[in-house]
Amino acid sequence: MSYKVYMELIPKPDQVPSWMWEEEDLCYKSGGKAWTATISGSVFEYSSESAATTKMTQLSASSAVSHEGRRFKVIEVI
């Protein structure tokens, strides 16, 4: 199994309440509206969840400037 870091494709518009934007999809258990694994032309894929989480944390820290405040999450790929 591998783990990929995904980024929100579309940042939350200011006029949309957070609770509405972050609601979970009951089928896929994921908040947000659209997610992508291609981040700045790269796909971040790791063999361990901890390595993917570390990368997600790094990307989240730099997100305010480089990714317009988008959120990140780790998804297990089977």
# chains A, B, ... in the order shown; residues from 1 in each chain; ligands from 1

call {"tool": "select_by_dssp", "arguments": {"residues": "chain A", "states": "helix (DSSP H, G or I)", "output": "list in words"}}
result
Ser18, Trp19, Met20, Trp21, Glu49, Ser50, Ala51, Ala52, Thr53, Thr54, Lys55, Met56, Thr57, Gln58, Leu59, Ser60, Ala61, Ser62, Ser63, Ala64, Val65 and Ser66 of chain A

call {"tool": "write_last_selection", "arguments": {"atoms": "N, CA and C atoms", "output": "compact mmCIF listing (two decimals), in the first residue's frame"}}
result
# COMPACT_ATOMS: atom_id res chain seq x y z
N SER A 18 -17.49 27.82 6.76
CA SER A 18 -16.59 26.67 6.91
C SER A 18 -17.35 25.38 7.13
N TRP A 19 -18.40 25.40 7.96
CA TRP A 19 -19.13 24.16 8.24
C TRP A 19 -19.72 23.57 6.97
N MET A 20 -20.12 24.43 6.04
CA MET A 20 -20.72 23.95 4.80
C MET A 20 -19.64 23.39 3.86
N TRP A 21 -18.52 24.06 3.79
CA TRP A 21 -17.44 23.66 2.90
C TRP A 21 -16.78 22.36 3.39
N GLU A 49 2.67 5.90 6.10
CA GLU A 49 1.75 6.99 6.42
C GLU A 49 2.46 8.12 7.14
N SER A 50 3.44 7.79 7.98
CA SER A 50 4.14 8.84 8.73
C SER A 50 4.94 9.75 7.80
N ALA A 51 5.55 9.20 6.76
CA ALA A 51 6.30 10.03 5.80
C ALA A 51 5.34 10.94 5.04
N ALA A 52 4.18 10.42 4.66
CA ALA A 52 3.18 11.23 3.96
C ALA A 52 2.64 12.33 4.87
N THR A 53 2.42 12.00 6.13
CA THR A 53 1.92 13.00 7.09
C THR A 53 2.95 14.10 7.31
N THR A 54 4.23 13.72 7.36
CA THR A 54 5.29 14.72 7.50
C THR A 54 5.28 15.69 6.32
N LYS A 55 5.16 15.17 5.10
CA LYS A 55 5.10 16.01 3.91
C LYS A 55 3.86 16.89 3.92
N MET A 56 2.72 16.32 4.33
CA MET A 56 1.49 17.09 4.42
C MET A 56 1.66 18.26 5.39
N THR A 57 2.32 18.03 6.50
CA THR A 57 2.56 19.08 7.49
C THR A 57 3.44 20.19 6.90
N GLN A 58 4.48 19.80 6.17
CA GLN A 58 5.35 20.79 5.52
C GLN A 58 4.57 21.62 4.51
N LEU A 59 3.75 20.96 3.69
CA LEU A 59 2.97 21.67 2.69
C LEU A 59 1.94 22.59 3.34
N SER A 60 1.33 22.13 4.41
CA SER A 60 0.33 22.94 5.11
C SER A 60 0.97 24.19 5.70
N ALA A 61 2.19 24.08 6.20
CA ALA A 61 2.88 25.22 6.78
C ALA A 61 3.18 26.29 5.73
N SER A 62 3.43 25.87 4.51
CA SER A 62 3.73 26.83 3.45
C SER A 62 2.50 27.18 2.62
N SER A 63 1.36 26.65 2.98
CA SER A 63 0.15 26.78 2.18
C SER A 63 -0.37 28.20 2.06
N ALA A 64 -0.22 28.99 3.10
CA ALA A 64 -0.78 30.35 3.08
C ALA A 64 -0.25 31.17 1.91
N VAL A 65 1.00 31.01 1.59
CA VAL A 65 1.60 31.79 0.50
C VAL A 65 1.56 31.04 -0.82
N SER A 66 2.06 29.83 -0.84
CA SER A 66 2.24 29.13 -2.11
C SER A 66 1.00 28.43 -2.64

call {"tool": "atom_distance", "arguments": {"atom1": "atom CA of Ile78 of chain A", "atom2": "atom CA of Ser2 of chain A"}}
result
6.8 Å

call {"tool": "atom_distance", "arguments": {"atom1": "atom CA of Lys73 of chain A", "atom2": "atom CA of Met7 of chain A"}}
result
6.6 Å

call {"tool": "atom_distance", "arguments": {"atom1": "atom CA of Val43 of chain A", "atom2": "atom CA of Ile75 of chain A"}}
result
12.4 Å

call {"tool": "decode", "arguments": {"residues": "segment 3-78 of chain A", "atoms": "C-alpha atoms", "output": "PDB file, in the first residue's frame"}}
result
ATOM      1  CA  TYR A   3      -0.037   6.944   0.780  1.00  0.00           C
ATOM      2  CA  LYS A   4      -0.522  10.106  -1.276  1.00  0.00           C
ATOM      3  CA  VAL A   5      -0.752  13.707  -0.172  1.00  0.00           C
ATOM      4  CA  TYR A   6      -3.772  15.432  -1.706  1.00  0.00           C
ATOM      5  CA  MET A   7      -4.481  19.157  -1.902  1.00  0.00           C
ATOM      6  CA  GLU A   8      -7.820  20.929  -2.140  1.00  0.00           C
ATOM      7  CA  LEU A   9      -8.296  21.770  -5.793  1.00  0.00           C
ATOM      8  CA  ILE A  10     -10.405  24.848  -5.054  1.00  0.00           C
ATOM      9  CA  PRO A  11      -9.819  26.981  -1.939  1.00  0.00           C
ATOM     10  CA  LYS A  12     -12.880  27.794   0.167  1.00  0.00           C
ATOM     11  CA  PRO A  13     -14.541  30.994  -1.090  1.00  0.00           C
ATOM     12  CA  ASP A  14     -14.804  33.686   1.602  1.00  0.00           C
ATOM     13  CA  GLN A  15     -18.614  33.832   1.397  1.00  0.00           C
ATOM     14  CA  VAL A  16     -19.071  30.077   2.057  1.00  0.00           C
ATOM     15  CA  PRO A  17     -19.291  29.096   5.750  1.00  0.00           C
ATOM     16  CA  SER A  18     -16.585  26.675   6.912  1.00  0.00           C
ATOM     17  CA  TRP A  19     -19.132  24.161   8.244  1.00  0.00           C
ATOM     18  CA  MET A  20     -20.716  23.951   4.801  1.00  0.00           C
ATOM     19  CA  TRP A  21     -17.435  23.657   2.903  1.00  0.00           C
ATOM     20  CA  GLU A  22     -15.946  21.074   5.261  1.00  0.00           C
ATOM     21  CA  GLU A  23     -18.965  18.772   5.499  1.00  0.00           C
ATOM     22  CA  GLU A  24     -18.062  15.130   5.045  1.00  0.00           C
ATOM     23  CA  ASP A  25     -19.176  13.052   2.126  1.00  0.00           C
ATOM     24  CA  LEU A  26     -20.787   9.981   3.695  1.00  0.00           C
ATOM     25  CA  CYS A  27     -19.492   7.665   0.953  1.00  0.00           C
ATOM     26  CA  TYR A  28     -15.873   8.822   0.846  1.00  0.00           C
ATOM     27  CA  LYS A  29     -15.454  10.275   4.356  1.00  0.00           C
ATOM     28  CA  SER A  30     -13.720  13.379   3.044  1.00  0.00           C
ATOM     29  CA  GLY A  31     -14.457  17.049   3.622  1.00  0.00           C
ATOM     30  CA  GLY A  32     -13.956  19.731   0.996  1.00  0.00           C
ATOM     31  CA  LYS A  33     -15.271  19.741  -2.525  1.00  0.00           C
ATOM     32  CA  ALA A  34     -12.452  18.517  -4.784  1.00  0.00           C
ATOM     33  CA  TRP A  35      -8.992  17.108  -4.098  1.00  0.00           C
ATOM     34  CA  THR A  36      -5.987  16.544  -6.370  1.00  0.00           C
ATOM     35  CA  ALA A  37      -2.818  14.484  -5.965  1.00  0.00           C
ATOM     36  CA  THR A  38      -0.864  16.618  -8.435  1.00  0.00           C
ATOM     37  CA  ILE A  39       0.673  19.455  -6.484  1.00  0.00           C
ATOM     38  CA  SER A  40       2.860  21.912  -8.408  1.00  0.00           C
ATOM     39  CA  GLY A  41       3.512  19.264 -11.061  1.00  0.00           C
ATOM     40  CA  SER A  42       4.536  16.674  -8.445  1.00  0.00           C
ATOM     41  CA  VAL A  43       2.720  13.711  -6.938  1.00  0.00           C
ATOM     42  CA  PHE A  44       3.799  13.082  -3.354  1.00  0.00           C
ATOM     43  CA  GLU A  45       3.506   9.328  -2.766  1.00  0.00           C
ATOM     44  CA  TYR A  46       5.081   7.436   0.137  1.00  0.00           C
ATOM     45  CA  SER A  47       5.247   3.874   1.388  1.00  0.00           C
ATOM     46  CA  SER A  48       4.544   4.878   4.996  1.00  0.00           C
ATOM     47  CA  GLU A  49       1.746   6.986   6.419  1.00  0.00           C
ATOM     48  CA  SER A  50       4.140   8.836   8.727  1.00  0.00           C
ATOM     49  CA  ALA A  51       6.298  10.025   5.801  1.00  0.00           C
ATOM     50  CA  ALA A  52       3.178  11.234   3.956  1.00  0.00           C
ATOM     51  CA  THR A  53       1.924  12.996   7.088  1.00  0.00           C
ATOM     52  CA  THR A  54       5.294  14.722   7.495  1.00  0.00           C
ATOM     53  CA  LYS A  55       5.103  16.013   3.905  1.00  0.00           C
ATOM     54  CA  MET A  56       1.489  17.093   4.420  1.00  0.00           C
ATOM     55  CA  THR A  57       2.564  19.082   7.494  1.00  0.00           C
ATOM     56  CA  GLN A  58       5.347  20.785   5.520  1.00  0.00           C
ATOM     57  CA  LEU A  59       2.966  21.673   2.688  1.00  0.00           C
ATOM     58  CA  SER A  60       0.330  22.939   5.114  1.00  0.00           C
ATOM     59  CA  ALA A  61       2.885  25.223   6.781  1.00  0.00           C
ATOM     60  CA  SER A  62       3.728  26.830   3.445  1.00  0.00           C
ATOM     61  CA  SER A  63       0.146  26.781   2.176  1.00  0.00           C
ATOM     62  CA  ALA A  64      -0.779  30.347   3.083  1.00  0.00           C
ATOM     63  CA  VAL A  65       1.599  31.789   0.503  1.00  0.00           C
ATOM     64  CA  SER A  66       2.242  29.130  -2.113  1.00  0.00           C
ATOM     65  CA  HIS A  67      -1.135  27.350  -2.223  1.00  0.00           C
ATOM     66  CA  GLU A  68      -3.609  30.137  -1.365  1.00  0.00           C
ATOM     67  CA  GLY A  69      -4.530  28.620   2.007  1.00  0.00           C
ATOM     68  CA  ARG A  70      -5.676  25.257   0.632  1.00  0.00           C
ATOM     69  CA  ARG A  71      -5.875  22.269   2.957  1.00  0.00           C
ATOM     70  CA  PHE A  72      -4.030  18.968   2.537  1.00  0.00           C
ATOM     71  CA  LYS A  73      -4.816  15.392   3.520  1.00  0.00           C
ATOM     72  CA  VAL A  74      -3.247  11.942   3.288  1.00  0.00           C
ATOM     73  CA  ILE A  75      -5.140   9.159   1.525  1.00  0.00           C
ATOM     74  CA  GLU A  76      -4.192   5.488   1.530  1.00  0.00           C
ATOM     75  CA  VAL A  77      -4.014   4.100  -2.006  1.00  0.00           C
ATOM     76  CA  ILE A  78      -4.765   0.408  -2.262  1.00  0.00           C
TER      77      ILE A  78
END
